[in-house]
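What follows is one structure encoded as C-alpha cells, with my remarks underneath.
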Amino acid sequence: MLLEKIREIKTAVEQLAASNEQELEDLRLKYLSRKGLVNDLMAEFRTVAADQKREVGIQLNELKNALQEKFNELKQSLASTETMDDDVDLTRTAYPIELGTRHPLSLVRREILDIFGRLGFSIAEGPEVEDDLHVYTKLNFAADHPARDMQDTFFVETNEDVIKNIILRSHTSSVQVRTMETSQLPIRVVCPGRVYRNEAISARAHCFFHQIEGLYIDKDVSFTDLKQVLLTFAREMFGNDTKIRLRPSYFPFTEPSAEMDISCNICGGEGCGFCKHTGWVEILGCGMVDPNVLEASGIDSSLYKGYAFGMGVERIANLKYRVSDLRLFSENDVRFLDEFQAAH
Ligand code: DAH
C-alpha cells in the first residue's frame, strides 16, 4: 500500500509543472513542506513491518530526491524566464547610439591642410617647448623685441645666455626654422600646432591657441606666387566669390610683410557688424622670407628666396562657424561640440 502510493506519486513527478511563483509554491506546500505529502509518507513509514523497511525506505528516499530535483528545476526555469521579462522589453525602441564628433578646430585644421596639400605642401611639425633661438633669434627678432617680454612669452627655464632660454613657443614660425635647418631644398611645408601666450583669458584672447604656418623656399619665388596661393586658399575655404586684400605690415622675419583680409563672408563685403562695416576681415600675416632668416639657417640668400604665411585656426573657425567666444573651443561642453555633428 505505502509502496504503491510511493510509486504512483513518483510516476506523476515528471508531469509536474509551474507557470508562475504561486503555482511553484503550491507544489512545494503539497509535496515538500512540513505538512506535505512526503512528510505524511514518512510518518506512515514508521508503521511499515521491519522486513519491508529497507525496500520501502529506498523508494521513499528516491521519491523525495526526485521531488526536490523537480522543484529546483522548475524554480530555475521560472527565474530565468522572469529575468527575461524584467530586463528585456522587446517592444522598446533601441537606445540611441551616441556618436562622438570631431572638434571644430580639428575640422578646420584638416580642411586647411587638405587645401594646401592639394597645392603641393607637405606637413611639418615641431616642439611646443622650444628655445629662444628657434622662436625669436633665428627669425630676426632684435634682442630687445617686445615679443620676448614676460608679457607675451611663457618662460620654462631662463638662462644667462638668452638664446638658450627654454620657453613655450608663441607662434608656429619656429617650425620654419627647424624645417630650414634639417630639410633639403626646395621646401614647401605647412606647420600646424598649438602656441602659447601669456594673456588673460577672455572671449577674445586665450593663453593657448592654434596656428598654421606656411613656408615655401625655392630659386624663383616671388610675391606673386604668394598672392596666388593665398587667393586659391581663400576661395577654397570660403567660396569662389571671396576676394582678398593685402595691406602692408611688419614682421621681423619677412620683408616685405603684409596682412591679408578676405571680403567679409557674412555680409559678402556689403558691410555688417561682424566686419565693423568695412566689408573686410583680417585672416593672416605673410611676406617674403627676410634674407637674414635664410642665412641664419644656412641657406644662401643670393640663390634662394621664399615666402611665408601664418594664420590662426580659431580665427578661421570663427569665420566659418561664427563662434563668438574663444573659450568655447577648450571647455569641451558637449552641447557645443554636438553642433558640429553635421560638419563631418
Ligand atoms: N608668426 C606670426 C604671428 O604669430 C604670424 C605670421 C606672420 C607668420 C607672417 C608668418 C608670416 O609666417 O610670414 O603673429
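Residue names in the C-alpha cells use chain letters A, B, ... in the order shown, residue numbers from 1 in each chain, and ligand numbers from 1 in the order shown.
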
Those of region 168-301 of chain A in DSSP helix (DSSP H, G or I), formatted as a ChimeraX atom specification: /A:173-182,223-238,291-296

Using only C-alpha atoms and all ligand atoms, which protein or nucleic acid residues are at most 6 Å from ligand 1, as a PDB file with N, CA, C and O atoms, in the first residue's frame?
ATOM      1  N   HIS A 171      54.522  81.249 -31.383  1.00  0.00           N
ATOM      2  CA  HIS A 171      53.996  81.131 -32.748  1.00  0.00           C
ATOM      3  C   HIS A 171      54.607  79.904 -33.427  1.00  0.00           C
ATOM      4  O   HIS A 171      55.629  79.375 -32.962  1.00  0.00           O
ATOM      5  N   SER A 173      55.979  79.879 -36.246  1.00  0.00           N
ATOM      6  CA  SER A 173      57.073  80.249 -37.141  1.00  0.00           C
ATOM      7  C   SER A 173      58.369  79.537 -36.745  1.00  0.00           C
ATOM      8  O   SER A 173      59.271  79.369 -37.569  1.00  0.00           O
ATOM      9  N   GLU A 213      51.265  77.509 -40.086  1.00  0.00           N
ATOM     10  CA  GLU A 213      52.316  78.290 -40.714  1.00  0.00           C
ATOM     11  C   GLU A 213      52.546  77.718 -42.104  1.00  0.00           C
ATOM     12  O   GLU A 213      52.389  76.526 -42.308  1.00  0.00           O
ATOM     13  N   THR A 254      59.905  88.688 -42.196  1.00  0.00           N
ATOM     14  CA  THR A 254      59.542  88.821 -43.616  1.00  0.00           C
ATOM     15  C   THR A 254      59.795  90.254 -44.094  1.00  0.00           C
ATOM     16  O   THR A 254      59.663  91.205 -43.336  1.00  0.00           O
ATOM     17  N   GLY A 285      48.888  86.750 -41.586  1.00  0.00           N
ATOM     18  CA  GLY A 285      50.072  87.563 -41.875  1.00  0.00           C
ATOM     19  C   GLY A 285      50.947  86.811 -42.855  1.00  0.00           C
ATOM     20  O   GLY A 285      50.941  85.577 -42.887  1.00  0.00           O
ATOM     21  N   CYS A 286      51.704  87.547 -43.662  1.00  0.00           N
ATOM     22  CA  CYS A 286      52.524  86.867 -44.671  1.00  0.00           C
ATOM     23  C   CYS A 286      53.641  87.790 -45.165  1.00  0.00           C
ATOM     24  O   CYS A 286      53.722  88.956 -44.777  1.00  0.00           O
ATOM     25  N   GLY A 287      54.475  87.273 -46.045  1.00  0.00           N
ATOM     26  CA  GLY A 287      55.522  88.105 -46.635  1.00  0.00           C
ATOM     27  C   GLY A 287      56.608  87.264 -47.274  1.00  0.00           C
ATOM     28  O   GLY A 287      56.530  86.034 -47.274  1.00  0.00           O
ATOM     29  N   ALA A 308      56.357  83.206 -46.782  1.00  0.00           N
ATOM     30  CA  ALA A 308      55.831  82.561 -45.571  1.00  0.00           C
ATOM     31  C   ALA A 308      54.495  83.192 -45.232  1.00  0.00           C
ATOM     32  O   ALA A 308      54.202  84.314 -45.639  1.00  0.00           O
ATOM     33  N   PHE A 309      53.700  82.431 -44.520  1.00  0.00           N
ATOM     34  CA  PHE A 309      52.434  82.994 -44.032  1.00  0.00           C
ATOM     35  C   PHE A 309      52.051  82.266 -42.738  1.00  0.00           C
ATOM     36  O   PHE A 309      52.549  81.159 -42.466  1.00  0.00           O
ATOM     37  N   GLY A 310      51.218  82.898 -41.956  1.00  0.00           N
ATOM     38  CA  GLY A 310      50.787  82.257 -40.712  1.00  0.00           C
ATOM     39  C   GLY A 310      49.382  82.703 -40.367  1.00  0.00           C
ATOM     40  O   GLY A 310      49.053  83.881 -40.489  1.00  0.00           O
TER      41      GLY A 310
END

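The list of residues with at least one atom within 10 Å of Leu231 (chain A), based on only C-alpha atoms and without residues fewer than 2 positions apart in the same chain, reads Asp225, Leu226, Lys227, Gln228, Val229, Phe233, Ala234, Arg235, Glu236, Met237, Asn240, Thr242, Lys243, Ile244, Arg245, Met260 and Ile262 of chain A.
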
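Minimum atom-to-atom distances from A:Glu282, A:Glu128, A:Asp51, A:Glu181 to His210 (chain A) were compared using only C-alpha atoms, and the lowest value belongs to A:Glu128.
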
Counting only C-alpha atoms, the residue of A:Ser263, A:Ser324, A:Gln151, A:Asn292 that sits nearest Ala200 (chain A):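 Under the stated criterion, the closest residue is A:Gln151.
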